Amino acid sequence: MSAAWVCSVTDFTTVTGSNKGIGYAIVRGLCKQFPGDVILTARSEENGRESVKKLNEEGLKPLFHQLDITDDASVRRMRDFLQMNYGGLDVLVNNAAIAYKMAAKEPFSKQVEVTMATNFCGTLNVCRVLFPLLRPHARVVHLSSRSGSFTAARCSKALQTRFLDPELSMLKIEQLMNEFVESAKADIHKTNGWHDSAYGTTKIGVTLMTYVQQREFSADSRPDIVVNSCCPGFVVTDLTSQRGTKTIDEGADTPLYLAMLPANTTSPKGQFVCEREIKTML
Ligand SMILES: NC(=O)c1ccc[n+]([C@@H]2O[C@H](COP(=O)([O-])OP(=O)(O)OC[C@H]3O[C@@H](n4cnc5c(N)ncnc54)[C@H](OP(=O)(O)O)[C@@H]3O)[C@@H](O)[C@H]2O)c1
């Protein structure tokens, strides 16, 4: 990051769900690259503090704050903490997400409800509560997934047309995600054109929200706020049951690149990015 990027107030960055996996590696990378305070967050205070201790052993000094993205009170406490101690936010990495295992016993409708509440609704709520704190030149990164593209490609043409709507709004995306949840509850999601993937559909929502949010930032009075979503690749973590082709640090490469985009970046901006390259969702 160029020195010109540094704000006059204390720079501040936070990563959701960073006690383990890719989020943990993103915090490690930010501690090395970001010229300000880095906050590791976790829904479990115990797990979060344990992870901070591990990074301390490497000589890195992230701070800790509890954050459960599905708990509005927790998100608001985070906002108040930021407001009081930093007066704003320079980098937000929305990393937290869940995925049911193939062998999970919960009914599909339950899996859809819970996965949507975390991956899409939780992420969107974090954005709604924390975006007012973003300072000029802030960078926002959403961890989405190629699973979103894979799932979108298997949805009906009618749904795909709605995903690609040039007039897409956050309300329309929320309606789409809600339709999926309600269709799954009634067990008619396939008839209604959806693919059988709870996780993949939530990631369609995350990728789509990026496009709308960048449009809004581009009209914002705060200059040069950039949001991108990305796929980290197939990374060995608990989410993949320790399968994959990349280490967590390799998986953190693209999110870190997006978090550290220099001032007045024109591209990537409001895009879906894999291995540092812009991709289309469909
Ligand atoms: N691994 C891959 O191959 C891969 C591929 C594509 C995309 N991604 C995306 O990359 C991101 C990180 O995944 P990962 O593989 O590192 O997964 P992971 O190892 O399972 O880590 C997920 C993190 O999210 C946290 N989390 C879950 N629900 C939360 C909530 N309600 N509030 C706050 N934190 C919560 C978890 O906390 P707990 O420890 O408390 O559960 C954990 O810290 C996710 O968005 C995932 O969809 C991963």
# chains A, B, ... in the order shown; residues from 1 in each chain; ligands from 1

$ residues_near_ligand --ligand "ligand 1" --cutoff "8 Å" --atoms "only C-alpha atoms and all ligand atoms" --output "number ranges by chain"
A: 16-24, 41-44, 47, 67-71, 94-99, 118-119, 122, 142-147, 199, 203, 230-240, 243-244, 246, 248, 251

$ select_by_dssp --residues "range 8-250 of chain A" --states "helix (DSSP H, G or I)" --output "ChimeraX atom specification"
/A:21-33,45-57,72-85,108-133,146-153,157-163,170-185,198-218,248-250

$ write_last_selection --atoms "C-alpha atoms" --output "compact mmCIF listing (two decimals), in the first residue's frame"
# COMPACT_ATOMS: atom_id res chain seq x y z
CA GLY A 21 -9.21 -20.77 8.35
CA ILE A 22 -8.84 -18.16 5.62
CA GLY A 23 -10.00 -15.32 7.89
CA TYR A 24 -7.16 -16.10 10.29
CA ALA A 25 -4.66 -16.01 7.41
CA ILE A 26 -6.15 -12.71 6.20
CA VAL A 27 -5.59 -11.22 9.67
CA ARG A 28 -2.02 -12.55 9.64
CA GLY A 29 -1.44 -10.94 6.22
CA LEU A 30 -3.02 -7.65 7.25
CA CYS A 31 -0.90 -7.51 10.41
CA LYS A 32 2.14 -7.68 8.12
CA GLN A 33 0.91 -5.27 5.42
CA GLU A 45 -14.48 -15.01 22.71
CA GLU A 46 -12.38 -17.99 23.87
CA ASN A 47 -11.50 -19.13 20.32
CA GLY A 48 -10.77 -15.56 19.24
CA ARG A 49 -8.41 -14.84 22.11
CA GLU A 50 -6.66 -18.18 21.56
CA SER A 51 -6.05 -17.22 17.90
CA VAL A 52 -4.72 -13.79 18.90
CA LYS A 53 -2.29 -15.58 21.23
CA LYS A 54 -1.06 -17.78 18.37
CA LEU A 55 -0.43 -14.71 16.21
CA ASN A 56 1.33 -13.01 19.14
CA GLU A 57 3.76 -15.96 19.14
CA ASP A 72 -27.57 -7.81 15.55
CA ALA A 73 -26.65 -6.72 19.10
CA SER A 74 -23.13 -8.10 18.60
CA VAL A 75 -22.76 -6.27 15.27
CA ARG A 76 -23.93 -3.03 16.90
CA ARG A 77 -21.48 -3.45 19.78
CA MET A 78 -18.74 -3.80 17.17
CA ARG A 79 -19.96 -0.61 15.46
CA ASP A 80 -19.95 1.29 18.78
CA PHE A 81 -16.46 0.03 19.58
CA LEU A 82 -15.18 1.22 16.20
CA GLN A 83 -16.93 4.55 16.49
CA MET A 84 -15.59 5.21 19.97
CA ASN A 85 -11.99 4.06 19.44
CA PHE A 108 -32.63 -29.25 3.30
CA SER A 109 -35.09 -26.47 4.23
CA LYS A 110 -33.38 -26.08 7.62
CA GLN A 111 -29.94 -26.01 6.00
CA VAL A 112 -31.14 -23.31 3.60
CA GLU A 113 -32.59 -21.19 6.40
CA VAL A 114 -29.49 -21.35 8.61
CA THR A 115 -26.98 -20.93 5.78
CA MET A 116 -28.89 -17.95 4.38
CA ALA A 117 -29.15 -16.33 7.83
CA THR A 118 -25.34 -16.41 8.16
CA ASN A 119 -23.81 -16.12 4.71
CA PHE A 120 -26.19 -13.66 3.09
CA CYS A 121 -28.33 -11.97 5.79
CA GLY A 122 -25.50 -11.80 8.36
CA THR A 123 -23.06 -10.37 5.83
CA LEU A 124 -25.63 -7.85 4.60
CA ASN A 125 -26.42 -6.75 8.15
CA VAL A 126 -22.72 -6.22 8.90
CA CYS A 127 -22.58 -4.03 5.77
CA ARG A 128 -25.65 -2.03 6.73
CA VAL A 129 -24.39 -1.37 10.25
CA LEU A 130 -20.70 -0.76 9.47
CA PHE A 131 -20.80 0.95 6.06
CA PRO A 132 -21.70 4.35 7.59
CA LEU A 133 -18.32 4.17 9.36
CA ARG A 146 -17.08 -20.03 -7.35
CA SER A 147 -19.87 -22.21 -5.92
CA GLY A 148 -22.09 -19.18 -6.52
CA SER A 149 -21.21 -19.22 -10.24
CA PHE A 150 -21.59 -22.99 -10.41
CA THR A 151 -25.01 -22.78 -8.74
CA ALA A 152 -26.17 -19.80 -10.84
CA ALA A 153 -25.27 -21.70 -14.03
CA LYS A 157 -32.95 -19.07 -17.48
CA ALA A 158 -35.66 -16.96 -15.84
CA LEU A 159 -33.66 -16.75 -12.59
CA GLN A 160 -30.43 -16.10 -14.48
CA THR A 161 -32.08 -13.18 -16.25
CA ARG A 162 -32.99 -11.77 -12.84
CA PHE A 163 -29.41 -12.25 -11.55
CA MET A 170 -30.56 -4.76 -2.90
CA LEU A 171 -34.31 -5.21 -2.52
CA LYS A 172 -34.41 -7.42 -5.63
CA ILE A 173 -31.50 -9.53 -4.34
CA GLU A 174 -33.19 -9.93 -0.96
CA GLN A 175 -36.39 -10.95 -2.75
CA LEU A 176 -34.48 -13.57 -4.76
CA MET A 177 -32.82 -15.01 -1.63
CA ASN A 178 -36.15 -15.01 0.21
CA GLU A 179 -37.87 -16.78 -2.69
CA PHE A 180 -35.21 -19.51 -2.50
CA VAL A 181 -35.73 -19.95 1.26
CA GLU A 182 -39.53 -20.07 0.92
CA SER A 183 -39.36 -22.46 -2.07
CA ALA A 184 -37.03 -24.77 -0.14
CA LYS A 185 -39.43 -24.75 2.83
CA ALA A 198 -27.93 -23.87 0.00
CA TYR A 199 -24.32 -22.67 0.23
CA GLY A 200 -24.00 -21.92 -3.51
CA THR A 201 -27.21 -19.87 -3.56
CA THR A 202 -26.12 -17.75 -0.59
CA LYS A 203 -22.90 -17.01 -2.48
CA ILE A 204 -24.91 -15.89 -5.53
CA GLY A 205 -26.44 -13.35 -3.15
CA VAL A 206 -23.03 -12.25 -1.85
CA THR A 207 -21.57 -11.79 -5.34
CA LEU A 208 -24.65 -9.88 -6.52
CA MET A 209 -24.65 -7.58 -3.50
CA THR A 210 -21.15 -6.45 -4.47
CA TYR A 211 -22.38 -5.04 -7.81
CA VAL A 212 -25.16 -3.03 -6.16
CA GLN A 213 -22.98 -1.80 -3.28
CA GLN A 214 -20.29 -0.50 -5.63
CA ARG A 215 -22.91 1.45 -7.59
CA GLU A 216 -24.00 3.02 -4.30
CA PHE A 217 -20.42 3.79 -3.22
CA SER A 218 -19.70 5.39 -6.57
CA ILE A 248 -4.95 -20.83 4.14
CA ASP A 249 -2.19 -18.32 3.33
CA GLU A 250 -2.53 -19.06 -0.40

$ atom_distance --atom1 "CA of Ala259 in chain A" --atom2 "CA of Glu277 in chain A"
14.4 Å

$ closest_residue --among "A:Val38, A:Val140, A:Ala186, A:Cys155" --to "Pro107 in chain A" --atoms "only C-alpha atoms"
A:Ala186

$ select_by_dssp --residues "range 68-265 of chain A" --states "strand (DSSP E or B)" --output "list in words"
Leu89, Asp90, Val91, Leu92, Val93, Asn94, Leu134, Arg135, Pro136, His137, Ala138, Arg139, Val140, Val141, His142, Leu143, Val226, Val227, Asn228, Ser229, Cys230, Cys231, Val235 and Lys246 of chain A

$ decode --residues "range 124-158 of chain A" --atoms "N, CA, C and O atoms" --output "mmCIF file, in the first residue's frame"
data_model
loop_
_atom_site.group_PDB
_atom_site.id
_atom_site.type_symbol
_atom_site.label_atom_id
_atom_site.label_comp_id
_atom_site.auth_asym_id
_atom_site.auth_seq_id
_atom_site.Cartn_x
_atom_site.Cartn_y
_atom_site.Cartn_z
ATOM 1 N N LEU A 124 -24.944 -9.094 4.981
ATOM 2 C CA LEU A 124 -25.632 -7.854 4.597
ATOM 3 C C LEU A 124 -25.863 -6.962 5.814
ATOM 4 O O LEU A 124 -25.695 -5.733 5.742
ATOM 5 N N ASN A 125 -26.194 -7.568 6.954
ATOM 6 C CA ASN A 125 -26.422 -6.754 8.150
ATOM 7 C C ASN A 125 -25.124 -6.085 8.608
ATOM 8 O O ASN A 125 -25.129 -4.918 9.004
ATOM 9 N N VAL A 126 -24.015 -6.824 8.548
ATOM 10 C CA VAL A 126 -22.718 -6.219 8.898
ATOM 11 C C VAL A 126 -22.479 -4.998 7.996
ATOM 12 O O VAL A 126 -22.071 -3.932 8.458
ATOM 13 N N CYS A 127 -22.767 -5.152 6.712
ATOM 14 C CA CYS A 127 -22.579 -4.033 5.769
ATOM 15 C C CYS A 127 -23.463 -2.851 6.158
ATOM 16 O O CYS A 127 -23.003 -1.704 6.209
ATOM 17 N N ARG A 128 -24.716 -3.133 6.426
ATOM 18 C CA ARG A 128 -25.653 -2.032 6.726
ATOM 19 C C ARG A 128 -25.232 -1.272 7.981
ATOM 20 O O ARG A 128 -25.348 -0.059 8.048
ATOM 21 N N VAL A 129 -24.740 -2.018 8.979
ATOM 22 C CA VAL A 129 -24.392 -1.373 10.250
ATOM 23 C C VAL A 129 -23.012 -0.692 10.170
ATOM 24 O O VAL A 129 -22.821 0.390 10.725
ATOM 25 N N LEU A 130 -22.072 -1.308 9.463
ATOM 26 C CA LEU A 130 -20.696 -0.760 9.469
ATOM 27 C C LEU A 130 -20.381 0.179 8.304
ATOM 28 O O LEU A 130 -19.458 0.986 8.406
ATOM 29 N N PHE A 131 -21.123 0.090 7.204
ATOM 30 C CA PHE A 131 -20.802 0.952 6.058
ATOM 31 C C PHE A 131 -20.823 2.446 6.398
ATOM 32 O O PHE A 131 -19.992 3.204 5.882
ATOM 33 N N PRO A 132 -21.737 2.912 7.267
ATOM 34 C CA PRO A 132 -21.700 4.348 7.586
ATOM 35 C C PRO A 132 -20.364 4.781 8.200
ATOM 36 O O PRO A 132 -20.029 5.965 8.166
ATOM 37 N N LEU A 133 -19.610 3.825 8.745
ATOM 38 C CA LEU A 133 -18.319 4.170 9.364
ATOM 39 C C LEU A 133 -17.163 4.177 8.367
ATOM 40 O O LEU A 133 -16.052 4.596 8.712
ATOM 41 N N LEU A 134 -17.385 3.677 7.166
ATOM 42 C CA LEU A 134 -16.273 3.582 6.207
ATOM 43 C C LEU A 134 -15.760 4.981 5.884
ATOM 44 O O LEU A 134 -16.536 5.904 5.624
ATOM 45 N N ARG A 135 -14.442 5.098 5.877
ATOM 46 C CA ARG A 135 -13.839 6.394 5.573
ATOM 47 C C ARG A 135 -13.523 6.463 4.078
ATOM 48 O O ARG A 135 -13.473 5.426 3.404
ATOM 49 N N PRO A 136 -13.277 7.674 3.557
ATOM 50 C CA PRO A 136 -12.822 7.770 2.165
ATOM 51 C C PRO A 136 -11.669 6.792 1.919
ATOM 52 O O PRO A 136 -10.837 6.595 2.806
ATOM 53 N N HIS A 137 -11.645 6.189 0.748
ATOM 54 C CA HIS A 137 -10.608 5.227 0.319
ATOM 55 C C HIS A 137 -10.720 3.869 1.001
ATOM 56 O O HIS A 137 -9.797 3.053 0.892
ATOM 57 N N ALA A 138 -11.821 3.630 1.711
ATOM 58 C CA ALA A 138 -11.975 2.333 2.389
ATOM 59 C C ALA A 138 -12.097 1.219 1.360
ATOM 60 O O ALA A 138 -12.516 1.430 0.215
ATOM 61 N N ARG A 139 -11.710 0.033 1.793
ATOM 62 C CA ARG A 139 -11.808 -1.168 0.946
ATOM 63 C C ARG A 139 -12.677 -2.201 1.659
ATOM 64 O O ARG A 139 -12.470 -2.463 2.859
ATOM 65 N N VAL A 140 -13.620 -2.768 0.917
ATOM 66 C CA VAL A 140 -14.483 -3.818 1.461
ATOM 67 C C VAL A 140 -14.289 -5.066 0.600
ATOM 68 O O VAL A 140 -14.281 -4.973 -0.641
ATOM 69 N N VAL A 141 -14.110 -6.198 1.245
ATOM 70 C CA VAL A 141 -13.924 -7.458 0.519
ATOM 71 C C VAL A 141 -14.930 -8.478 1.053
ATOM 72 O O VAL A 141 -14.997 -8.698 2.269
ATOM 73 N N HIS A 142 -15.700 -9.078 0.154
ATOM 74 C CA HIS A 142 -16.591 -10.168 0.551
ATOM 75 C C HIS A 142 -15.979 -11.483 0.079
ATOM 76 O O HIS A 142 -15.638 -11.620 -1.112
ATOM 77 N N LEU A 143 -15.883 -12.457 0.989
ATOM 78 C CA LEU A 143 -15.491 -13.807 0.577
ATOM 79 C C LEU A 143 -16.733 -14.482 0.014
ATOM 80 O O LEU A 143 -17.616 -14.887 0.764
ATOM 81 N N SER A 144 -16.793 -14.543 -1.318
ATOM 82 C CA SER A 144 -17.877 -15.278 -1.955
ATOM 83 C C SER A 144 -17.299 -16.625 -2.378
ATOM 84 O O SER A 144 -16.414 -17.150 -1.695
ATOM 85 N N SER A 145 -17.732 -17.167 -3.500
ATOM 86 C CA SER A 145 -17.211 -18.477 -3.908
ATOM 87 C C SER A 145 -17.582 -18.755 -5.358
ATOM 88 O O SER A 145 -18.637 -18.315 -5.829
ATOM 89 N N ARG A 146 -16.724 -19.531 -6.014
ATOM 90 C CA ARG A 146 -17.076 -20.030 -7.353
ATOM 91 C C ARG A 146 -18.337 -20.901 -7.272
ATOM 92 O O ARG A 146 -18.997 -21.107 -8.276
ATOM 93 N N SER A 147 -18.632 -21.433 -6.080
ATOM 94 C CA SER A 147 -19.869 -22.213 -5.918
ATOM 95 C C SER A 147 -21.073 -21.380 -6.318
ATOM 96 O O SER A 147 -22.077 -21.928 -6.781
ATOM 97 N N GLY A 148 -20.994 -20.065 -6.104
ATOM 98 C CA GLY A 148 -22.086 -19.178 -6.520
ATOM 99 C C GLY A 148 -22.262 -19.231 -8.026
ATOM 100 O O GLY A 148 -23.388 -19.373 -8.541
ATOM 101 N N SER A 149 -21.156 -19.168 -8.760
ATOM 102 C CA SER A 149 -21.207 -19.218 -10.236
ATOM 103 C C SER A 149 -21.727 -20.574 -10.695
ATOM 104 O O SER A 149 -22.576 -20.666 -11.585
ATOM 105 N N PHE A 150 -21.204 -21.622 -10.066
ATOM 106 C CA PHE A 150 -21.593 -22.994 -10.411
ATOM 107 C C PHE A 150 -23.105 -23.161 -10.207
ATOM 108 O O PHE A 150 -23.812 -23.723 -11.041
ATOM 109 N N THR A 151 -23.589 -22.657 -9.081
ATOM 110 C CA THR A 151 -25.008 -22.783 -8.740
ATOM 111 C C THR A 151 -25.858 -21.930 -9.683
ATOM 112 O O THR A 151 -26.900 -22.394 -10.188
ATOM 113 N N ALA A 152 -25.405 -20.700 -9.951
ATOM 114 C CA ALA A 152 -26.170 -19.801 -10.838
ATOM 115 C C ALA A 152 -26.314 -20.418 -12.227
ATOM 116 O O ALA A 152 -27.374 -20.320 -12.861
ATOM 117 N N ALA A 153 -25.239 -21.091 -12.687
ATOM 118 C CA ALA A 153 -25.266 -21.700 -14.027
ATOM 119 C C ALA A 153 -26.280 -22.834 -14.106
ATOM 120 O O ALA A 153 -26.700 -23.222 -15.204
ATOM 121 N N ARG A 154 -26.667 -23.374 -12.944
ATOM 122 C CA ARG A 154 -27.631 -24.490 -12.908
ATOM 123 C C ARG A 154 -29.042 -24.029 -12.552
ATOM 124 O O ARG A 154 -29.942 -24.847 -12.394
ATOM 125 N N CYS A 155 -29.248 -22.748 -12.399
ATOM 126 C CA CYS A 155 -30.598 -22.220 -12.155
ATOM 127 C C CYS A 155 -31.308 -21.999 -13.495
ATOM 128 O O CYS A 155 -30.668 -22.010 -14.556
ATOM 129 N N SER A 156 -32.615 -21.787 -13.430
ATOM 130 C CA SER A 156 -33.391 -21.603 -14.671
ATOM 131 C C SER A 156 -32.965 -20.320 -15.383
ATOM 132 O O SER A 156 -32.408 -19.401 -14.773
ATOM 133 N N LYS A 157 -33.267 -20.274 -16.680
ATOM 134 C CA LYS A 157 -32.949 -19.072 -17.477
ATOM 135 C C LYS A 157 -33.661 -17.852 -16.890
ATOM 136 O O LYS A 157 -33.122 -16.744 -16.875
ATOM 137 N N ALA A 158 -34.882 -18.080 -16.399
ATOM 138 C CA ALA A 158 -35.659 -16.957 -15.839
ATOM 139 C C ALA A 158 -34.938 -16.371 -14.619
ATOM 140 O O ALA A 158 -34.829 -15.143 -14.481
#
